[in-house]
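A quick write-up on the structure given underneath.
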Amino acid sequence: MAEAEACYRQILQAEPNHADAWHLLGLIAHQSGRFDLALESIERALQFSNNAAVYLNNFGITLMALNRPREAETAYRAALAQEPGRVDWLQHLAKALHSQGKLDEMLACYQAVLALQPNDAQVYNNIGVVRQEQGALDEAAANFKRALELAPGFAEAYNNLGYLYGLRGDRQAAIVCYHTSLAINPQDFVTLNNLGILLNELGQFSEAETCFRAALAIRPDFVEAHNNLGMPLRETARHAEAISSFRTALALNPRHQTAYRNLLSTLLYQSGVSQASLYAEHRQFEAVMAAPLYAQQQALAVDFNPDKRLRVAWLSSDFHHHPIARNIGPLLKNHSAAQFEYVLYADVAVLDETSLALKQSADAWHSIYGLTDPQVAAQMRADKIDILICLAGHFDRNRPLVCALKPAPLQVSFHDIATSGMTAVDYLISDIVMTPRHGAEQFTERVVRLPVFYIHAPLSTAPAVSSLPASRKGYVTFGNFGNPAKLNTAVIALWARVLSALPDSRLALKYKQVYADAKVRAHFEKQFAQHGVDGARIVWHGASLEARDHLAFYHDVDITLDSFPFNGSTTTFESLWMGVPVLTLAGENMVGRWGMSMLRAVRLSEWAARSEAEFVEKAAGFAADTPALADLRAGLRARVAASPLCDERARARQFECLLRALWRRKCAE
């Protein structure tokens, strides 16, 4: 290429207006990664040519390499205006439109290609991808299947069909598609990554890890696989390794939002991380991810009437069978429609029974699946939202960066585990126990407090509370049915001290089907063994069951041991409902004080320890008094049902009073 470049430069010295020489010089620069020089050279070619269609197309390709899709779109359209039948150029235009989220126009491009090449399997596959992103899953599936009819060995189409089946919840069909794709192309790192994601969702963490590592062996700089590898590592409490994976992903792509949020949430699972360090990491998230978006904020036309009916947006990807949905369901179901209009912005591909119940409770439901953050913000502005509630911004596919675009005059973080780190978010909702005044935890938001944070509807299908298992078995069984991601080395060490203090006791562990994995069990057994606990004393439950059957496992647990610094919440409620008291260790931040807050709400504050020594002492003391444990167990469900944890109407009123107070404060500013 160096000789060719020198040749073209000689031509240009002799004939500075030689369009082809400028164009070819630009192509050489593009091929060697010098995109700015390529752009400048092709632009010069365009100045000196009357027949510029090819130049315009290549100008667009170079603009795309520079991440300038809007200008690339203009170039491609100009090229196609001169030569409308160029299939490859139509596909280039489609990619530029995809980069801008213009899915309808992208679809029109592919339809134009099919008009010229009606049996193009790749185009049917591409249409399937677009329709999937638009949430039209049935149509997407039909296009993937048509692609496979035309090209039965089309590995990419099998991969895409597998991903779609996964979205629909048909995981076995998804696995079959992924394995078929890999049988055709074993080196397909994208399919390996997608299979890993699915296995991780199924709780098959060892197999998921194997898939991600196989993808990285093929493509070491594959950002998505580095990020995804962190997930099974985190879920099995290998936090340092998980953090390393997330940081590697961020080194490759510093603006990878999901990797950044995964990093921040994983730091909260670790023990020994200072509050100052956590806050600094969140502030860095703002600097890298949110601050560049602040300039895109637009003026809002707001009616600052303090007493008007408020239009409140709830933003989440968790409006389905998910703990967040169960926690906010009572607030939606019992809201005052005369005073508040609740609008749900749902990043949900497939609606389940929980989704439909939430949709019925809300005043409006907008699917934002497939929309970009700017598109979501634009819709909220058009809807004239007064208050935006961002739910659980650290987790899942949630959208905290919508808040950076400030589509509402008042923005609130709710059911998150720490500060958003963003000054664009005005308030964070907590309670007086989780976030005491003058506590160590730091927030960019102003913290406002409910009397009690947690709310959950009674578990109407739960089995009856059993008699105390210790009375039947002659020994105490401790338990924890929470996410093993929370079982860091400090948790294992403290629980081992409890087991050592009670040599005849057992520990039952369960979380979905995770502990069916022998490698996961071995990982935790090794840690307990390092503290002198025989693996025979640990009872592993590996079955993934329906809710009622899952809750029945509490029939064999006397006391639940809470994790720290990330407490349980859903599992704490379930345990209490099944008559099993929870012993918690109160921490410094919100996630370390959920247990204490919930216990206070059911008048069991004595079950919250303030130190590790007190935790062991309380565990031994409570376990020794089996008559008191039996009495507590017999009446605990009724106590929970009568407590603030289940007072749905009162909590809805408290929540609305809080929102109204925040709005009036905003109006007065």
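Following the order of the structure tokens, chains are lettered A, B, ..., residues in each are numbered from 1, and ligands are numbered from 1.
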Which residues, written as a PDB file with N, CA and C atoms, in the first residue's frame, have at least one atom at most 7 Å from stretch 338-352 of chain A, with only C-alpha atoms counted and residues fewer than 6 positions away on the same chain left out?
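Once written, part03.pdb looks like this:
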ATOM      1  N   GLY A 135     -39.652  -5.207  19.177  1.00  0.00           N
ATOM      2  CA  GLY A 135     -40.576  -5.940  20.030  1.00  0.00           C
ATOM      3  C   GLY A 135     -41.573  -6.800  19.289  1.00  0.00           C
ATOM      4  N   LEU A 167     -35.669 -14.580  24.842  1.00  0.00           N
ATOM      5  CA  LEU A 167     -36.520 -13.457  25.234  1.00  0.00           C
ATOM      6  C   LEU A 167     -37.929 -13.920  25.573  1.00  0.00           C
ATOM      7  N   ARG A 168     -38.402 -14.882  24.818  1.00  0.00           N
ATOM      8  CA  ARG A 168     -39.757 -15.394  25.052  1.00  0.00           C
ATOM      9  C   ARG A 168     -39.846 -16.298  26.281  1.00  0.00           C
ATOM     10  N   ARG A 309     -52.893  17.437  39.518  1.00  0.00           N
ATOM     11  CA  ARG A 309     -52.694  15.992  39.374  1.00  0.00           C
ATOM     12  C   ARG A 309     -51.325  15.765  38.743  1.00  0.00           C
ATOM     13  N   LEU A 310     -50.485  15.005  39.421  1.00  0.00           N
ATOM     14  CA  LEU A 310     -49.100  14.833  38.979  1.00  0.00           C
ATOM     15  C   LEU A 310     -48.967  13.636  38.050  1.00  0.00           C
ATOM     16  N   ARG A 311     -48.235  13.853  36.984  1.00  0.00           N
ATOM     17  CA  ARG A 311     -47.939  12.768  36.045  1.00  0.00           C
ATOM     18  C   ARG A 311     -46.568  12.199  36.409  1.00  0.00           C
ATOM     19  N   VAL A 312     -46.564  10.959  36.874  1.00  0.00           N
ATOM     20  CA  VAL A 312     -45.362  10.336  37.426  1.00  0.00           C
ATOM     21  C   VAL A 312     -44.930   9.184  36.523  1.00  0.00           C
ATOM     22  N   ALA A 313     -43.700   9.242  36.051  1.00  0.00           N
ATOM     23  CA  ALA A 313     -43.133   8.172  35.223  1.00  0.00           C
ATOM     24  C   ALA A 313     -42.395   7.180  36.108  1.00  0.00           C
ATOM     25  N   TRP A 314     -42.644   5.901  35.865  1.00  0.00           N
ATOM     26  CA  TRP A 314     -41.896   4.818  36.506  1.00  0.00           C
ATOM     27  C   TRP A 314     -41.093   4.123  35.406  1.00  0.00           C
ATOM     28  N   LEU A 315     -39.774   4.134  35.542  1.00  0.00           N
ATOM     29  CA  LEU A 315     -38.876   3.645  34.494  1.00  0.00           C
ATOM     30  C   LEU A 315     -38.174   2.378  34.959  1.00  0.00           C
ATOM     31  N   SER A 316     -38.378   1.261  34.223  1.00  0.00           N
ATOM     32  CA  SER A 316     -37.758   0.013  34.663  1.00  0.00           C
ATOM     33  C   SER A 316     -37.786  -1.049  33.574  1.00  0.00           C
ATOM     34  N   SER A 317     -36.840  -1.993  33.688  1.00  0.00           N
ATOM     35  CA  SER A 317     -36.864  -3.222  32.884  1.00  0.00           C
ATOM     36  C   SER A 317     -37.408  -4.388  33.705  1.00  0.00           C
ATOM     37  N   PHE A 319     -40.539  -4.783  35.100  1.00  0.00           N
ATOM     38  CA  PHE A 319     -41.994  -4.895  35.196  1.00  0.00           C
ATOM     39  C   PHE A 319     -42.453  -6.270  34.702  1.00  0.00           C
ATOM     40  N   HIS A 320     -42.007  -7.291  35.409  1.00  0.00           N
ATOM     41  CA  HIS A 320     -42.381  -8.675  35.113  1.00  0.00           C
ATOM     42  C   HIS A 320     -42.185  -9.458  36.404  1.00  0.00           C
ATOM     43  N   ALA A 362     -51.665   0.661  36.588  1.00  0.00           N
ATOM     44  CA  ALA A 362     -51.160   1.967  36.165  1.00  0.00           C
ATOM     45  C   ALA A 362     -52.200   2.694  35.314  1.00  0.00           C
ATOM     46  N   ASP A 363     -51.972   3.987  35.130  1.00  0.00           N
ATOM     47  CA  ASP A 363     -52.856   4.780  34.272  1.00  0.00           C
ATOM     48  C   ASP A 363     -52.449   4.684  32.811  1.00  0.00           C
ATOM     49  N   ALA A 364     -51.163   4.406  32.562  1.00  0.00           N
ATOM     50  CA  ALA A 364     -50.689   4.255  31.180  1.00  0.00           C
ATOM     51  C   ALA A 364     -49.446   3.381  31.186  1.00  0.00           C
ATOM     52  N   TRP A 365     -49.236   2.716  30.058  1.00  0.00           N
ATOM     53  CA  TRP A 365     -48.097   1.797  29.894  1.00  0.00           C
ATOM     54  C   TRP A 365     -47.464   2.088  28.551  1.00  0.00           C
ATOM     55  N   HIS A 366     -46.168   2.386  28.551  1.00  0.00           N
ATOM     56  CA  HIS A 366     -45.434   2.608  27.303  1.00  0.00           C
ATOM     57  C   HIS A 366     -44.312   1.580  27.213  1.00  0.00           C
ATOM     58  N   SER A 367     -44.321   0.789  26.160  1.00  0.00           N
ATOM     59  CA  SER A 367     -43.202  -0.119  25.922  1.00  0.00           C
ATOM     60  C   SER A 367     -42.043   0.683  25.345  1.00  0.00           C
ATOM     61  N   ILE A 368     -40.886   0.581  25.999  1.00  0.00           N
ATOM     62  CA  ILE A 368     -39.689   1.264  25.487  1.00  0.00           C
ATOM     63  C   ILE A 368     -38.657   0.249  25.026  1.00  0.00           C
ATOM     64  N   TYR A 369     -39.085  -1.003  24.889  1.00  0.00           N
ATOM     65  CA  TYR A 369     -38.169  -2.030  24.418  1.00  0.00           C
ATOM     66  C   TYR A 369     -37.683  -1.670  23.016  1.00  0.00           C
TER      67      TYR A 369
END
(request) Determine which residues of stretch 21-261 of chain A DSSP labels as helix (DSSP H, G or I) from the backbone of this structure, then write them out as JSON, numbers by chain. (result) {"A": [21, 22, 23, 24, 25, 26, 27, 28, 29, 30, 31, 35, 36, 37, 38, 39, 40, 41, 42, 43, 44, 45, 46, 47, 53, 54, 55, 56, 57, 58, 59, 60, 61, 62, 63, 64, 65, 69, 70, 71, 72, 73, 74, 75, 76, 77, 78, 79, 80, 81, 82, 87, 88, 89, 90, 91, 92, 93, 94, 95, 96, 97, 98, 99, 103, 104, 105, 106, 107, 108, 109, 110, 111, 112, 113, 114, 115, 116, 121, 122, 123, 124, 125, 126, 127, 128, 129, 130, 131, 132, 133, 137, 138, 139, 140, 141, 142, 143, 144, 145, 146, 147, 148, 149, 150, 155, 156, 157, 158, 159, 160, 161, 162, 163, 164, 165, 166, 167, 168, 171, 172, 173, 174, 175, 176, 177, 178, 179, 180, 181, 182, 183, 184, 189, 190, 191, 192, 193, 194, 195, 196, 197, 198, 199, 200, 201, 205, 206, 207, 208, 209, 210, 211, 212, 213, 214, 215, 216, 217, 218, 223, 224, 225, 226, 227, 228, 229, 230, 231, 232, 233, 234, 235, 239, 240, 241, 242, 243, 244, 245, 246, 247, 248, 249, 250, 251, 252, 257, 258, 259, 260, 261]}
(request) Determine, counting only C-alpha atoms, which protein, DNA and RNA residues have an atom within 10 Å of an atom of stretch 662-666 of chain A; residues of the same chain fewer than 5 positions away are not included. Present the result as a list in words. (result) Phe304, Asn305, Pro306, Asp307, Lys308, Leu310, Asp386, Ile387, Pro409, Leu410, Gln411, Val412, Asp426, Tyr427, Val448, Glu656 and Cys657 of chain A
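Separating atom CA of A:Asp416 from atom CA of A:Tyr511 is a distance of 21.6 Å.
Residues surrounding A:Gly595 within 9 Å are Met434, Asp562, Asn567, Gly568, Ser569, Thr572, Val582, Leu583, Thr584, Leu585, Ala586, Val591, Gly592, Met598, Leu599, Arg600 and Ala608 of chain A [only C-alpha atoms; sequence separation below 3 positions excluded].
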Same residues, N, CA and C atoms, output as a PDB file, in the first residue's frame:
ATOM      1  N   MET A 434     -32.661   2.492  57.278  1.00  0.00           N
ATOM      2  CA  MET A 434     -31.698   2.183  56.221  1.00  0.00           C
ATOM      3  C   MET A 434     -30.693   3.305  56.015  1.00  0.00           C
ATOM      4  N   ASP A 562     -28.581 -13.714  57.836  1.00  0.00           N
ATOM      5  CA  ASP A 562     -28.541 -12.721  56.763  1.00  0.00           C
ATOM      6  C   ASP A 562     -27.107 -12.527  56.289  1.00  0.00           C
ATOM      7  N   ASN A 567     -27.492  -7.095  52.483  1.00  0.00           N
ATOM      8  CA  ASN A 567     -28.526  -7.897  53.136  1.00  0.00           C
ATOM      9  C   ASN A 567     -29.507  -8.478  52.133  1.00  0.00           C
ATOM     10  N   GLY A 568     -30.276  -9.452  52.590  1.00  0.00           N
ATOM     11  CA  GLY A 568     -31.421  -9.921  51.833  1.00  0.00           C
ATOM     12  C   GLY A 568     -32.593  -8.969  52.020  1.00  0.00           C
ATOM     13  N   SER A 569     -33.552  -9.034  51.125  1.00  0.00           N
ATOM     14  CA  SER A 569     -34.801  -8.277  51.289  1.00  0.00           C
ATOM     15  C   SER A 569     -35.981  -9.189  50.970  1.00  0.00           C
ATOM     16  N   THR A 572     -35.623 -12.182  53.067  1.00  0.00           N
ATOM     17  CA  THR A 572     -35.946 -11.871  54.464  1.00  0.00           C
ATOM     18  C   THR A 572     -37.451 -11.883  54.678  1.00  0.00           C
ATOM     19  N   VAL A 582     -34.999 -13.869  61.251  1.00  0.00           N
ATOM     20  CA  VAL A 582     -33.768 -13.575  60.515  1.00  0.00           C
ATOM     21  C   VAL A 582     -32.805 -12.832  61.431  1.00  0.00           C
ATOM     22  N   LEU A 583     -31.595 -13.319  61.513  1.00  0.00           N
ATOM     23  CA  LEU A 583     -30.539 -12.645  62.270  1.00  0.00           C
ATOM     24  C   LEU A 583     -29.682 -11.863  61.290  1.00  0.00           C
ATOM     25  N   THR A 584     -29.604 -10.560  61.495  1.00  0.00           N
ATOM     26  CA  THR A 584     -28.867  -9.707  60.560  1.00  0.00           C
ATOM     27  C   THR A 584     -27.745  -8.973  61.268  1.00  0.00           C
ATOM     28  N   LEU A 585     -26.750  -8.561  60.506  1.00  0.00           N
ATOM     29  CA  LEU A 585     -25.650  -7.733  61.004  1.00  0.00           C
ATOM     30  C   LEU A 585     -25.775  -6.368  60.341  1.00  0.00           C
ATOM     31  N   ALA A 586     -26.109  -5.357  61.117  1.00  0.00           N
ATOM     32  CA  ALA A 586     -26.341  -4.022  60.568  1.00  0.00           C
ATOM     33  C   ALA A 586     -25.035  -3.414  60.069  1.00  0.00           C
ATOM     34  N   VAL A 591     -27.817  -1.004  51.737  1.00  0.00           N
ATOM     35  CA  VAL A 591     -27.967  -2.443  51.488  1.00  0.00           C
ATOM     36  C   VAL A 591     -27.577  -3.270  52.695  1.00  0.00           C
ATOM     37  N   GLY A 592     -26.831  -2.680  53.610  1.00  0.00           N
ATOM     38  CA  GLY A 592     -26.441  -3.382  54.823  1.00  0.00           C
ATOM     39  C   GLY A 592     -27.388  -3.142  55.981  1.00  0.00           C
ATOM     40  N   MET A 598     -36.413  -4.027  58.206  1.00  0.00           N
ATOM     41  CA  MET A 598     -37.543  -4.941  58.146  1.00  0.00           C
ATOM     42  C   MET A 598     -37.833  -5.564  59.512  1.00  0.00           C
ATOM     43  N   LEU A 599     -36.774  -5.876  60.253  1.00  0.00           N
ATOM     44  CA  LEU A 599     -36.973  -6.449  61.585  1.00  0.00           C
ATOM     45  C   LEU A 599     -37.613  -5.441  62.532  1.00  0.00           C
ATOM     46  N   ARG A 600     -37.215  -4.193  62.415  1.00  0.00           N
ATOM     47  CA  ARG A 600     -37.839  -3.154  63.242  1.00  0.00           C
ATOM     48  C   ARG A 600     -39.328  -3.061  62.946  1.00  0.00           C
ATOM     49  N   ALA A 608     -31.192  -7.817  65.298  1.00  0.00           N
ATOM     50  CA  ALA A 608     -30.175  -7.091  64.525  1.00  0.00           C
ATOM     51  C   ALA A 608     -28.937  -6.897  65.391  1.00  0.00           C
TER      52      ALA A 608
END
(message) I need the residues of stretch 449-620 of chain A that end up classed as strand (DSSP E) by DSSP on the backbone, written out as a PyMOL selection string.
(response) chain A and resi 449-450+477-480+506-510+538-541+559-561+582-585+608-609
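Note that atom CA of A:Leu137 and atom CA of A:Gly166 are 11.1 Å apart.
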Write out as an mmCIF file with N, CA and C atoms, in the first residue's frame the residues lying within 6 Å of stretch 18-24 of chain A, counting only C-alpha atoms and excluding same-chain residues fewer than 5 positions away.
data_model
loop_
_atom_site.group_PDB
_atom_site.id
_atom_site.type_symbol
_atom_site.label_atom_id
_atom_site.label_comp_id
_atom_site.auth_asym_id
_atom_site.auth_seq_id
_atom_site.Cartn_x
_atom_site.Cartn_y
_atom_site.Cartn_z
ATOM 1 N N TYR A 8 -0.027 7.648 -5.994
ATOM 2 C CA TYR A 8 -1.157 8.585 -6.074
ATOM 3 C C TYR A 8 -0.719 9.993 -5.680
ATOM 4 N N SER A 41 -9.355 13.122 2.182
ATOM 5 C CA SER A 41 -8.998 12.791 0.798
ATOM 6 C C SER A 41 -10.241 12.560 -0.059
ATOM 7 N N ILE A 42 -11.216 11.789 0.476
ATOM 8 C CA ILE A 42 -12.419 11.522 -0.311
ATOM 9 C C ILE A 42 -13.242 12.791 -0.483
ATOM 10 N N ALA A 45 -11.851 14.463 -3.354
ATOM 11 C CA ALA A 45 -12.299 13.796 -4.581
ATOM 12 C C ALA A 45 -13.681 14.278 -4.985
ATOM 13 N N PHE A 48 -13.916 17.467 -6.958
ATOM 14 C CA PHE A 48 -13.414 17.502 -8.334
ATOM 15 C C PHE A 48 -14.115 16.502 -9.248
ATOM 16 N N SER A 49 -15.253 15.938 -8.803
ATOM 17 C CA SER A 49 -15.919 14.924 -9.619
ATOM 18 C C SER A 49 -17.373 15.283 -9.855
#
(message) Excluding A:Lys145 and its own-chain neighbours fewer than 4 positions away, which residues fall within 9 Å of it when counting only C-alpha atoms? Please give them as a count of residues only.
(response) 9
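Relative to atom CA of A:Ala214, atom CA of A:His394 is found at 27.5 Å.
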(request) Name the closest residue to A:Leu428 among the candidates A:Leu63, A:Ala493, A:Leu659, A:Leu293; distances are taken between atoms, counting only C-alpha atoms. (result) A:Leu659
Please provide as a JSON list (two decimals) with N, CA and C atoms, in the first residue's frame all residues within 6 Å of stretch 233-242 of chain A, with the sequence filter that same-chain residues fewer than 6 positions apart are discarded (counting only C-alpha atoms).
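The result, written out as result-v6.json:
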[["chain", "number", "residue", "atom", "x", "y", "z"],
["A", 484, "PRO", "N", -26.19, -16.32, 46.12],
["A", 484, "PRO", "CA", -24.83, -16.63, 46.59],
["A", 484, "PRO", "C", -23.82, -15.53, 46.29],
["A", 485, "ALA", "N", -24.18, -14.59, 45.43],
["A", 485, "ALA", "CA", -23.29, -13.45, 45.19],
["A", 485, "ALA", "C", -23.01, -12.70, 46.48],
["A", 487, "LEU", "N", -22.48, -14.03, 49.38],
["A", 487, "LEU", "CA", -21.73, -14.84, 50.34],
["A", 487, "LEU", "C", -20.23, -14.61, 50.18],
["A", 488, "ASN", "N", -19.82, -13.40, 50.51],
["A", 488, "ASN", "CA", -18.39, -13.07, 50.40],
["A", 488, "ASN", "C", -17.60, -13.78, 51.50]]
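Among the candidates A:Ala287, A:Ala462, A:Ala490, A:Leu405, the one nearest to A:Pro565 when counting only C-alpha atoms is A:Ala490.
Ranking A:Ala378, A:Ala299, A:Leu561, A:Ala208 by their shortest atom-to-atom distance to A:Val491, with only C-alpha atoms included, puts A:Leu561 first.
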(request) For each of A:Leu468, A:Leu499, A:Met596, A:Ala529, take the minimum atom-to-atom distance to A:Arg610, counting only C-alpha atoms, then give the residue where this is smallest. (result) A:Met596
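With only C-alpha atoms as the atoms that count, the minimum distance from A:Gln530 to the choices A:Ile492, A:Glu156, A:Arg506, A:Asn334 is reached by A:Ile492.
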